[in-house]
file protein24.pdb (PDB, C-alpha atoms)
MODEL        1
ATOM      1  CA  MET B 194       0.000   0.000   0.000
ATOM      2  CA  PRO B 195       2.632   2.629   0.842
ATOM      3  CA  GLU B 196       4.116   1.703  -2.521
ATOM      4  CA  ILE B 197       0.906   2.742  -4.316
ATOM      5  CA  GLU B 198       0.972   5.995  -2.362
ATOM      6  CA  ALA B 199       4.565   6.656  -3.341
ATOM      7  CA  ILE B 200       3.778   6.030  -7.017
ATOM      8  CA  ALA B 201       0.650   8.214  -6.833
ATOM      9  CA  ARG B 202       2.586  11.002  -5.133
ATOM     10  CA  LYS B 203       5.303  10.901  -7.769
ATOM     11  CA  PHE B 204       2.722  10.867 -10.545
ATOM     12  CA  ILE B 205       0.754  13.834  -9.185
ATOM     13  CA  GLU B 206       3.871  15.890  -8.649
ATOM     14  CA  ALA B 207       4.947  15.256 -12.256
ATOM     15  CA  LEU B 208       1.749  16.588 -13.894
ATOM     16  CA  PRO B 209       2.936  19.632 -15.872
ATOM     17  CA  HIS B 210      -0.351  21.559 -15.686
ATOM     18  CA  SER B 211      -0.765  21.004 -11.941
ATOM     19  CA  HIS B 212       2.829  22.139 -11.519
ATOM     20  CA  ALA B 213       2.151  25.274 -13.616
ATOM     21  CA  LEU B 214      -0.774  26.096 -11.310
ATOM     22  CA  GLY B 215       1.509  25.782  -8.272
ATOM     23  CA  MET B 216      -0.283  22.780  -6.733
ATOM     24  CA  ARG B 217       1.244  21.042  -3.752
ATOM     25  CA  LEU B 218       0.287  17.540  -2.670
ATOM     26  CA  GLU B 219      -0.271  17.744   1.076
ATOM     27  CA  ARG B 220      -1.605  14.313   1.886
ATOM     28  CA  ILE B 221      -2.422  11.120   0.011
ATOM     29  CA  GLY B 222      -3.506   7.625   0.979
ATOM     30  CA  ALA B 223      -6.319   5.069   1.059
ATOM     31  CA  GLY B 224      -8.569   6.793  -1.461
ATOM     32  CA  GLU B 225      -8.090  10.293  -0.076
ATOM     33  CA  ALA B 226      -5.991  13.200  -1.244
ATOM     34  CA  GLU B 227      -5.444  16.782  -0.188
ATOM     35  CA  ILE B 228      -3.893  19.304  -2.559
ATOM     36  CA  ALA B 229      -3.150  22.987  -1.934
ATOM     37  CA  MET B 230      -2.958  25.766  -4.501
ATOM     38  CA  PRO B 231      -1.391  28.981  -3.164
ATOM     39  CA  TYR B 232      -2.840  32.313  -4.290
ATOM     40  CA  ASP B 233      -1.317  33.444  -7.588
ATOM     41  CA  PRO B 234      -2.238  36.715  -9.375
ATOM     42  CA  ARG B 235      -1.842  34.930 -12.737
ATOM     43  CA  LEU B 236      -4.911  32.811 -11.925
ATOM     44  CA  VAL B 237      -7.262  35.707 -11.219
ATOM     45  CA  GLY B 238     -10.605  35.625 -13.028
ATOM     46  CA  ASP B 239     -12.046  38.943 -11.888
ATOM     47  CA  PRO B 240      -9.441  41.729 -11.948
ATOM     48  CA  GLU B 241     -11.794  44.030 -10.010
ATOM     49  CA  SER B 242     -11.874  41.778  -6.955
ATOM     50  CA  GLY B 243      -8.710  39.683  -7.418
ATOM     51  CA  VAL B 244     -10.697  36.457  -7.004
ATOM     52  CA  ILE B 245      -9.173  33.282  -8.520
ATOM     53  CA  HIS B 246     -10.960  32.030 -11.651
ATOM     54  CA  GLY B 247     -13.295  29.068 -11.268
ATOM     55  CA  GLY B 248     -11.360  27.245 -13.983
ATOM     56  CA  ALA B 249      -8.254  27.106 -11.784
ATOM     57  CA  VAL B 250     -10.402  25.750  -8.942
ATOM     58  CA  SER B 251     -11.755  23.127 -11.385
ATOM     59  CA  ALA B 252      -8.201  22.076 -12.230
ATOM     60  CA  LEU B 253      -7.444  21.734  -8.521
ATOM     61  CA  MET B 254     -10.620  19.671  -8.005
ATOM     62  CA  ASP B 255      -9.820  17.443 -10.984
ATOM     63  CA  THR B 256      -6.272  16.805  -9.798
ATOM     64  CA  ALA B 257      -7.317  16.046  -6.217
ATOM     65  CA  CYS B 258     -10.124  13.734  -7.351
ATOM     66  CA  GLY B 259      -7.785  11.891  -9.725
ATOM     67  CA  ALA B 260      -5.221  11.517  -6.940
ATOM     68  CA  ALA B 261      -7.872  10.092  -4.600
ATOM     69  CA  VAL B 262      -8.788   7.462  -7.199
ATOM     70  CA  MET B 263      -5.143   6.557  -7.845
ATOM     71  CA  CYS B 264      -4.407   5.801  -4.220
ATOM     72  CA  HIS B 265      -7.624   3.823  -3.640
ATOM     73  CA  PRO B 266      -6.722   0.170  -3.071
ATOM     74  CA  ALA B 267      -9.526  -1.089  -5.362
ATOM     75  CA  ALA B 268      -8.881   1.294  -8.255
ATOM     76  CA  GLY B 269      -5.888   1.417 -10.571
ATOM     77  CA  ILE B 270      -2.949   3.746 -10.720
ATOM     78  CA  SER B 271      -4.160   4.832 -14.148
ATOM     79  CA  THR B 272      -7.422   6.773 -14.337
ATOM     80  CA  ALA B 273      -9.208   9.390 -16.428
ATOM     81  CA  THR B 274     -12.054  11.774 -15.626
ATOM     82  CA  LEU B 275     -15.441  10.760 -17.037
ATOM     83  CA  ASP B 276     -17.283  13.741 -15.630
ATOM     84  CA  LEU B 277     -16.898  16.337 -12.961
ATOM     85  CA  ARG B 278     -19.509  18.701 -11.551
ATOM     86  CA  ILE B 279     -18.403  21.689  -9.553
ATOM     87  CA  ASP B 280     -20.621  23.891  -7.406
ATOM     88  CA  TYR B 281     -19.170  27.293  -6.634
ATOM     89  CA  MET B 282     -20.536  28.378  -3.282
ATOM     90  CA  ARG B 283     -18.633  31.592  -2.752
ATOM     91  CA  PRO B 284     -15.593  33.407  -4.138
ATOM     92  CA  ALA B 285     -12.308  32.317  -2.526
ATOM     93  CA  THR B 286     -10.808  35.153  -0.494
ATOM     94  CA  PRO B 287      -8.011  36.819  -2.504
ATOM     95  CA  GLY B 288      -4.557  36.149  -1.088
ATOM     96  CA  GLN B 289      -5.479  32.852   0.558
ATOM     97  CA  THR B 290      -4.398  29.323  -0.392
ATOM     98  CA  ILE B 291      -7.191  27.090  -1.713
ATOM     99  CA  ARG B 292      -7.143  23.521  -0.395
ATOM    100  CA  THR B 293      -9.070  20.606  -1.807
ATOM    101  CA  ARG B 294      -9.811  17.393   0.050
ATOM    102  CA  ALA B 295     -10.999  14.615  -2.237
ATOM    103  CA  GLU B 296     -12.390  11.252  -1.269
ATOM    104  CA  CYS B 297     -12.904   8.284  -3.556
ATOM    105  CA  HIS B 298     -15.953   6.873  -1.771
ATOM    106  CA  HIS B 299     -17.003   4.028  -4.055
ATOM    107  CA  VAL B 300     -15.310   1.865  -6.658
ATOM    108  CA  THR B 301     -16.952  -0.614  -9.016
ATOM    109  CA  ARG B 302     -15.250  -2.804 -11.618
ATOM    110  CA  SER B 303     -15.268   0.096 -14.070
ATOM    111  CA  VAL B 304     -16.019   3.334 -12.271
ATOM    112  CA  ALA B 305     -14.645   5.252  -9.298
ATOM    113  CA  PHE B 306     -16.931   7.805  -7.611
ATOM    114  CA  VAL B 307     -15.347  10.817  -5.976
ATOM    115  CA  ARG B 308     -16.391  13.858  -3.989
ATOM    116  CA  ALA B 309     -14.307  16.838  -3.036
ATOM    117  CA  VAL B 310     -14.531  20.060  -1.103
ATOM    118  CA  ALA B 311     -12.413  23.185  -1.539
ATOM    119  CA  THR B 312     -11.794  25.669   1.248
ATOM    120  CA  ASP B 313      -9.710  28.760   1.933
ATOM    121  CA  ASP B 314      -8.626  29.957   5.402
ATOM    122  CA  ASP B 315     -12.257  30.048   6.562
ATOM    123  CA  VAL B 316     -12.466  26.253   6.672
ATOM    124  CA  GLY B 317     -16.060  26.155   7.916
ATOM    125  CA  ARG B 318     -17.420  27.795   4.777
ATOM    126  CA  PRO B 319     -16.462  25.780   1.672
ATOM    127  CA  VAL B 320     -15.572  27.673  -1.494
ATOM    128  CA  ALA B 321     -16.611  24.895  -3.857
ATOM    129  CA  MET B 322     -17.684  21.261  -3.926
ATOM    130  CA  ALA B 323     -17.260  18.666  -6.623
ATOM    131  CA  THR B 324     -18.582  15.242  -7.504
ATOM    132  CA  GLY B 325     -17.085  13.155 -10.253
ATOM    133  CA  ALA B 326     -16.849   9.784 -11.919
ATOM    134  CA  PHE B 327     -13.482   8.396 -13.014
ATOM    135  CA  THR B 328     -12.465   5.395 -15.089
ATOM    136  CA  VAL B 329     -11.033   2.279 -13.481
ATOM    137  CA  GLU B 330      -8.500   0.637 -15.778
ATOM    138  CA  ARG B 331      -8.226  -3.101 -15.459
ATOM    139  CA  GLY B 332      -5.172  -5.161 -16.203
ATOM    140  CA  THR B 333      -2.779  -2.293 -15.610
ATOM    141  CA  LYS B 334      -1.773  -3.368 -12.142
TER     142      LYS B 334
ATOM    143  CA  MET D 235     -32.767  55.608 -44.528
ATOM    144  CA  LYS D 236     -29.600  55.750 -42.445
ATOM    145  CA  ARG D 237     -26.439  54.909 -44.362
ATOM    146  CA  PRO D 238     -24.768  51.715 -43.183
ATOM    147  CA  GLU D 239     -21.717  52.346 -41.031
ATOM    148  CA  PRO D 240     -18.317  51.956 -42.690
ATOM    149  CA  VAL D 241     -17.068  48.395 -42.216
ATOM    150  CA  HIS D 242     -13.943  49.413 -40.284
ATOM    151  CA  VAL D 243     -16.059  51.254 -37.696
ATOM    152  CA  VAL D 244     -18.227  48.187 -37.184
ATOM    153  CA  LYS D 245     -15.219  45.886 -36.919
ATOM    154  CA  GLN D 246     -13.376  48.200 -34.563
ATOM    155  CA  ARG D 247     -16.347  48.405 -32.206
ATOM    156  CA  ARG D 248     -16.867  44.636 -32.114
ATOM    157  CA  GLU D 249     -13.173  43.969 -31.598
ATOM    158  CA  ALA D 250     -13.120  46.549 -28.804
ATOM    159  CA  LEU D 251     -16.024  44.814 -27.054
ATOM    160  CA  LEU D 252     -14.305  41.439 -27.328
ATOM    161  CA  ARG D 253     -11.010  42.886 -26.078
ATOM    162  CA  SER D 254     -12.776  44.528 -23.132
ATOM    163  CA  LEU D 255     -14.113  41.106 -22.064
ATOM    164  CA  VAL D 256     -10.953  39.094 -22.600
ATOM    165  CA  ASP D 257      -7.848  41.217 -22.129
ATOM    166  CA  GLY D 258      -8.201  42.127 -18.477
ATOM    167  CA  VAL D 259      -8.530  38.557 -17.180
ATOM    168  CA  PRO D 260      -5.164  37.138 -16.025
ATOM    169  CA  TYR D 261      -6.331  33.494 -16.063
ATOM    170  CA  ILE D 262      -7.288  33.753 -19.775
ATOM    171  CA  ARG D 263      -3.748  34.961 -20.479
ATOM    172  CA  PHE D 264      -2.312  32.230 -18.227
ATOM    173  CA  LEU D 265      -3.962  29.515 -20.341
ATOM    174  CA  GLY D 266      -3.156  31.410 -23.560
ATOM    175  CA  ILE D 267      -6.765  31.369 -24.797
ATOM    176  CA  GLN D 268      -7.617  33.423 -27.887
ATOM    177  CA  PHE D 269     -10.929  34.188 -29.563
ATOM    178  CA  ASP D 270     -11.750  34.079 -33.281
ATOM    179  CA  ARG D 271     -14.684  36.261 -34.235
ATOM    180  CA  ARG D 272     -16.876  36.031 -37.330
ATOM    181  CA  GLY D 273     -19.692  38.558 -36.946
ATOM    182  CA  ASP D 274     -21.220  37.601 -33.617
ATOM    183  CA  GLU D 275     -19.887  34.028 -33.686
ATOM    184  CA  LEU D 276     -17.017  33.362 -31.292
ATOM    185  CA  THR D 277     -14.645  30.407 -31.311
ATOM    186  CA  ALA D 278     -12.349  30.028 -28.329
ATOM    187  CA  VAL D 279      -8.903  28.697 -29.240
ATOM    188  CA  LEU D 280      -6.514  27.006 -26.818
ATOM    189  CA  PRO D 281      -3.134  26.844 -28.567
ATOM    190  CA  TYR D 282      -1.149  23.814 -27.448
ATOM    191  CA  HIS D 283       1.494  24.353 -24.822
ATOM    192  CA  ASP D 284       3.494  21.792 -22.797
ATOM    193  CA  SER D 285       2.233  23.289 -19.533
ATOM    194  CA  LEU D 286      -1.334  22.161 -20.422
ATOM    195  CA  ILE D 287      -0.379  18.492 -20.179
ATOM    196  CA  GLY D 288      -1.721  16.295 -17.397
ATOM    197  CA  ASN D 289      -0.366  12.811 -17.942
ATOM    198  CA  PRO D 290       3.045  13.174 -19.624
ATOM    199  CA  ALA D 291       3.178   9.439 -20.369
ATOM    200  CA  LEU D 292       0.318   9.552 -22.910
ATOM    201  CA  PRO D 293       0.650  12.609 -23.324
ATOM    202  CA  ALA D 294      -2.819  14.101 -22.770
ATOM    203  CA  LEU D 295      -4.233  17.520 -21.907
ATOM    204  CA  HIS D 296      -4.935  17.933 -18.188
ATOM    205  CA  GLY D 297      -8.651  17.613 -17.430
ATOM    206  CA  GLY D 298      -8.308  20.815 -15.427
ATOM    207  CA  ALA D 299      -6.917  22.726 -18.411
ATOM    208  CA  THR D 300      -9.866  21.486 -20.467
ATOM    209  CA  ALA D 301     -12.283  22.495 -17.700
ATOM    210  CA  GLY D 302     -10.809  25.987 -17.452
ATOM    211  CA  PHE D 303     -10.887  26.384 -21.224
ATOM    212  CA  LEU D 304     -14.563  25.373 -21.402
ATOM    213  CA  GLU D 305     -15.557  27.605 -18.503
ATOM    214  CA  ILE D 306     -13.878  30.626 -20.072
ATOM    215  CA  ALA D 307     -15.429  29.883 -23.473
ATOM    216  CA  ALA D 308     -18.876  29.666 -21.833
ATOM    217  CA  MET D 309     -18.453  32.780 -19.720
ATOM    218  CA  ILE D 310     -17.120  34.968 -22.538
ATOM    219  CA  GLU D 311     -19.876  33.834 -24.919
ATOM    220  CA  LEU D 312     -22.487  34.659 -22.284
ATOM    221  CA  SER D 313     -21.086  38.157 -21.630
ATOM    222  CA  TRP D 314     -20.561  38.760 -25.330
ATOM    223  CA  SER D 315     -24.072  37.757 -26.344
ATOM    224  CA  SER D 316     -25.688  39.681 -23.496
ATOM    225  CA  LEU D 317     -23.847  42.893 -24.425
ATOM    226  CA  TRP D 318     -23.926  42.534 -28.218
ATOM    227  CA  GLU D 319     -27.358  44.031 -28.877
ATOM    228  CA  GLY D 320     -26.840  47.081 -26.685
ATOM    229  CA  VAL D 321     -23.417  47.802 -28.127
ATOM    230  CA  GLU D 322     -24.683  47.435 -31.693
ATOM    231  CA  ALA D 323     -27.672  49.715 -31.012
ATOM    232  CA  GLU D 324     -25.719  52.343 -29.069
ATOM    233  CA  GLY D 325     -22.653  52.182 -31.273
ATOM    234  CA  ALA D 326     -20.510  52.376 -28.143
ATOM    235  CA  LEU D 327     -19.187  50.123 -25.382
ATOM    236  CA  PRO D 328     -20.986  50.118 -22.032
ATOM    237  CA  ALA D 329     -19.610  52.676 -19.586
ATOM    238  CA  GLY D 330     -17.960  51.671 -16.322
ATOM    239  CA  PRO D 331     -16.078  48.540 -15.325
ATOM    240  CA  LEU D 332     -17.205  45.349 -16.996
ATOM    241  CA  ARG D 333     -18.897  42.871 -14.671
ATOM    242  CA  LEU D 334     -18.580  39.253 -15.718
ATOM    243  CA  PRO D 335     -21.226  36.626 -14.879
ATOM    244  CA  LYS D 336     -20.448  34.396 -11.883
ATOM    245  CA  THR D 337     -20.367  30.620 -12.262
ATOM    246  CA  ILE D 338     -22.941  28.856 -10.082
ATOM    247  CA  ASP D 339     -22.088  25.343 -11.213
ATOM    248  CA  PHE D 340     -20.245  23.720 -14.073
ATOM    249  CA  THR D 341     -20.424  20.100 -15.262
ATOM    250  CA  ILE D 342     -17.741  18.804 -17.573
ATOM    251  CA  ASP D 343     -18.180  15.682 -19.629
ATOM    252  CA  TYR D 344     -14.885  14.195 -20.845
ATOM    253  CA  LEU D 345     -15.564  12.304 -24.052
ATOM    254  CA  ARG D 346     -12.077  11.587 -25.373
ATOM    255  CA  THR D 347      -8.495  12.110 -24.401
ATOM    256  CA  GLY D 348      -7.365  15.658 -25.133
ATOM    257  CA  LEU D 349      -4.472  15.326 -27.576
ATOM    258  CA  PRO D 350      -1.320  17.444 -27.395
ATOM    259  CA  ARG D 351      -2.488  19.941 -30.010
ATOM    260  CA  ASP D 352      -4.704  23.036 -30.339
ATOM    261  CA  ALA D 353      -8.277  22.840 -29.055
ATOM    262  CA  TYR D 354     -11.354  24.821 -30.046
ATOM    263  CA  ALA D 355     -14.626  25.532 -28.285
ATOM    264  CA  ARG D 356     -17.947  27.129 -29.074
ATOM    265  CA  ALA D 357     -20.603  27.935 -26.518
ATOM    266  CA  ARG D 358     -24.351  28.349 -26.892
ATOM    267  CA  VAL D 359     -26.519  30.289 -24.460
ATOM    268  CA  ASN D 360     -29.579  28.090 -24.042
ATOM    269  CA  ARG D 361     -31.346  30.348 -21.627
ATOM    270  CA  SER D 362     -30.496  33.817 -20.446
ATOM    271  CA  GLY D 363     -32.793  35.479 -17.945
ATOM    272  CA  ARG D 364     -32.350  38.585 -15.871
ATOM    273  CA  ARG D 365     -30.636  36.663 -13.062
ATOM    274  CA  TYR D 366     -29.714  33.197 -14.296
ATOM    275  CA  ALA D 367     -28.281  31.794 -17.501
ATOM    276  CA  SER D 368     -27.641  28.278 -18.761
ATOM    277  CA  VAL D 369     -24.794  27.780 -21.234
ATOM    278  CA  HIS D 370     -23.640  24.699 -23.124
ATOM    279  CA  VAL D 371     -20.158  24.480 -24.595
ATOM    280  CA  GLU D 372     -18.509  21.969 -26.919
ATOM    281  CA  ALA D 373     -14.801  21.448 -27.552
ATOM    282  CA  TRP D 374     -12.991  19.647 -30.333
ATOM    283  CA  GLN D 375      -9.523  19.342 -31.774
ATOM    284  CA  ASP D 376      -9.027  18.009 -35.293
ATOM    285  CA  ASN D 377     -12.586  17.280 -36.239
ATOM    286  CA  ARG D 378     -15.604  19.442 -35.359
ATOM    287  CA  ASN D 379     -17.831  16.353 -35.205
ATOM    288  CA  ARG D 380     -15.592  14.481 -32.767
ATOM    289  CA  LEU D 381     -15.955  16.400 -29.523
ATOM    290  CA  PHE D 382     -13.368  15.643 -26.867
ATOM    291  CA  ALA D 383     -15.282  17.452 -24.118
ATOM    292  CA  GLN D 384     -18.532  19.261 -23.478
ATOM    293  CA  ALA D 385     -19.916  21.132 -20.507
ATOM    294  CA  THR D 386     -23.013  22.828 -19.154
ATOM    295  CA  GLY D 387     -22.906  25.631 -16.656
ATOM    296  CA  HIS D 388     -25.288  27.894 -14.805
ATOM    297  CA  PHE D 389     -24.308  31.491 -14.284
ATOM    298  CA  LEU D 390     -25.474  34.384 -12.187
ATOM    299  CA  MET D 391     -25.812  37.488 -14.346
ATOM    300  CA  PRO D 392     -24.194  40.713 -13.152
ATOM    301  CA  PRO D 393     -26.759  43.165 -11.736
ATOM    302  CA  VAL D 394     -28.050  45.582 -14.374
ATOM    303  CA  GLU D 395     -26.983  49.166 -13.579
ATOM    304  CA  PRO D 396     -30.020  51.441 -13.401
ATOM    305  CA  SER D 397     -29.751  53.573 -16.565
ATOM    306  CA  ALA D 398     -29.410  57.319 -16.009
TER     307      ALA D 398
ENDMDL
END

call {"tool": "encode", "arguments": {"input": "protein24.pdb", "output": "structure tokens"}}
result
Amino acid sequence: MPEIEAIARKFIEALPHSHALGMRLERIGAGEAEIAMPYDPRLVGDPESGVIHGGAVSALMDTACGAAVMCHPAAGISTATLDLRIDYMRPATPGQTIRTRAECHHVTRSVAFVRAVATDDDVGRPVAMATGAFTVERGTK
Amino acid sequence: MKRPEPVHVVKQRREALLRSLVDGVPYIRFLGIQFDRRGDELTAVLPYHDSLIGNPALPALHGGATAGFLEIAAMIELSWSSLWEGVEAEGALPAGPLRLPKTIDFTIDYLRTGLPRDAYARARVNRSGRRYASVHVEAWQDNRNRLFAQATGHFLMPPVEPSA
């Protein structure tokens, strides 16, 4: 198991787009992953307010959800997003790191189901939530 | 009858409106997204760049890059189409800072692996009310009929400024 986690960690850290967005893998293991994305003015969507664009939050959600699938003991190390729905509950506070905790809560022979929540410093009030379905590749392990 | 405006005036105004929506947004620049305009039809273009890659082993576009691209394409189309009529009738851009719609939710459907090459997207506003809008967006690479992703999003429209 720690071997899967090590592989997943290495894989996540090598994703060029996640790297470009400044993502940092904070925690991974047993179908759960936490990834942080520090505030970066290049990712702003609304120049008036300085709020990070939803698209960057989507990328964070997608990466965290994928990581959660990869380190789930019943899923494979190789996965792809089938769909992802993101609800934006409030703008993330400018200047603050956005953190996403993703949990792969169910795995079938072919599909992994994931949910995730993104927060800034005000942890009690989520910024966004996501639910997604990911592929489970067979015969790759 | 009023004489039609000279073509360069019309083009300049429409380009200026598009620029006013796109140029000020850092994240659009970060992804390198451009917009092709033919009359009122917009096509969002995501030129390939190595930093858009997710899995380097395949290699494939990162699902997050695709999501961001689709969300921007949807949001710009919505702003563009909601401002178009007023700008065409007034012959001038709206005064004051531009307020973009806010995303309420966004659902991305990944149909195929995004290949390491340019991607294109067109959005369609299916419903645009005073407060809420629903937008569908489709993205392809080599072949318009082979979508690699599509998405639907709901947006909160910016409050209408009371006209003077």

call {"tool": "residues_around", "arguments": {"input": "protein24.pdb", "residues": "Met282 of chain B", "least_positions_apart": "4", "cutoff": "9 Å", "atoms": "all atoms listed in the file", "output": "ChimeraX atom specification"}}
result
/B:318-322 /D:338-339

call {"tool": "resolve_selection", "arguments": {"input": "protein24.pdb", "expression": "the PyMOL selection byres ((chain D and resi 343) around 8)", "output": "NGL selection string"}}
result
(:B and (275-277)) or (:D and (341-342 or 344-345 or 383-385))

call {"tool": "resolve_selection", "arguments": {"input": "protein24.pdb", "expression": "the PyMOL selection byres ((chain D) within 9 of (chain B))", "output": "PyMOL selection string"}}
result
chain D and resi 258-264+284-290+295-306+331-334+336-345+347

call {"tool": "resolve_selection", "arguments": {"input": "protein24.pdb", "expression": "the PyMOL selection byres ((chain D and resi 272-280) around 9)", "output": "PyMOL selection string"}}
result
chain D and resi 245+248+265-271+281-283+303-304+306-307+310-311+314-315+318+351-357+373

call {"tool": "write_last_selection", "arguments": {"input": "protein24.pdb", "atoms": "C-alpha atoms", "output": "short mmCIF file (atom, residue, chain, number, x, y, z; two decimals), in the coordinates of the input"}}
result
data_model
loop_
_atom_site.label_atom_id
_atom_site.label_comp_id
_atom_site.auth_asym_id
_atom_site.auth_seq_id
_atom_site.Cartn_x
_atom_site.Cartn_y
_atom_site.Cartn_z
CA LYS D 245 -15.22 45.89 -36.92
CA ARG D 248 -16.87 44.64 -32.11
CA LEU D 265 -3.96 29.52 -20.34
CA GLY D 266 -3.16 31.41 -23.56
CA ILE D 267 -6.76 31.37 -24.80
CA GLN D 268 -7.62 33.42 -27.89
CA PHE D 269 -10.93 34.19 -29.56
CA ASP D 270 -11.75 34.08 -33.28
CA ARG D 271 -14.68 36.26 -34.24
CA PRO D 281 -3.13 26.84 -28.57
CA TYR D 282 -1.15 23.81 -27.45
CA HIS D 283 1.49 24.35 -24.82
CA PHE D 303 -10.89 26.38 -21.22
CA LEU D 304 -14.56 25.37 -21.40
CA ILE D 306 -13.88 30.63 -20.07
CA ALA D 307 -15.43 29.88 -23.47
CA ILE D 310 -17.12 34.97 -22.54
CA GLU D 311 -19.88 33.83 -24.92
CA TRP D 314 -20.56 38.76 -25.33
CA SER D 315 -24.07 37.76 -26.34
CA TRP D 318 -23.93 42.53 -28.22
CA ARG D 351 -2.49 19.94 -30.01
CA ASP D 352 -4.70 23.04 -30.34
CA ALA D 353 -8.28 22.84 -29.06
CA TYR D 354 -11.35 24.82 -30.05
CA ALA D 355 -14.63 25.53 -28.28
CA ARG D 356 -17.95 27.13 -29.07
CA ALA D 357 -20.60 27.94 -26.52
CA ALA D 373 -14.80 21.45 -27.55
#

call {"tool": "residues_around", "arguments": {"input": "protein24.pdb", "residues": "Tyr232 of chain B", "least_positions_apart": "2", "cutoff": "6 Å", "atoms": "only C-alpha atoms", "output": "PyMOL selection string"}}
result
chain B and resi 288-290

call {"tool": "residues_around", "arguments": {"input": "protein24.pdb", "residues": "Leu218 of chain B", "least_positions_apart": "5", "cutoff": "10 Å", "atoms": "all atoms listed in the file", "output": "ChimeraX atom specification"}}
result
/B:202-203,205-206,211,226-230,256-257,260,292-293
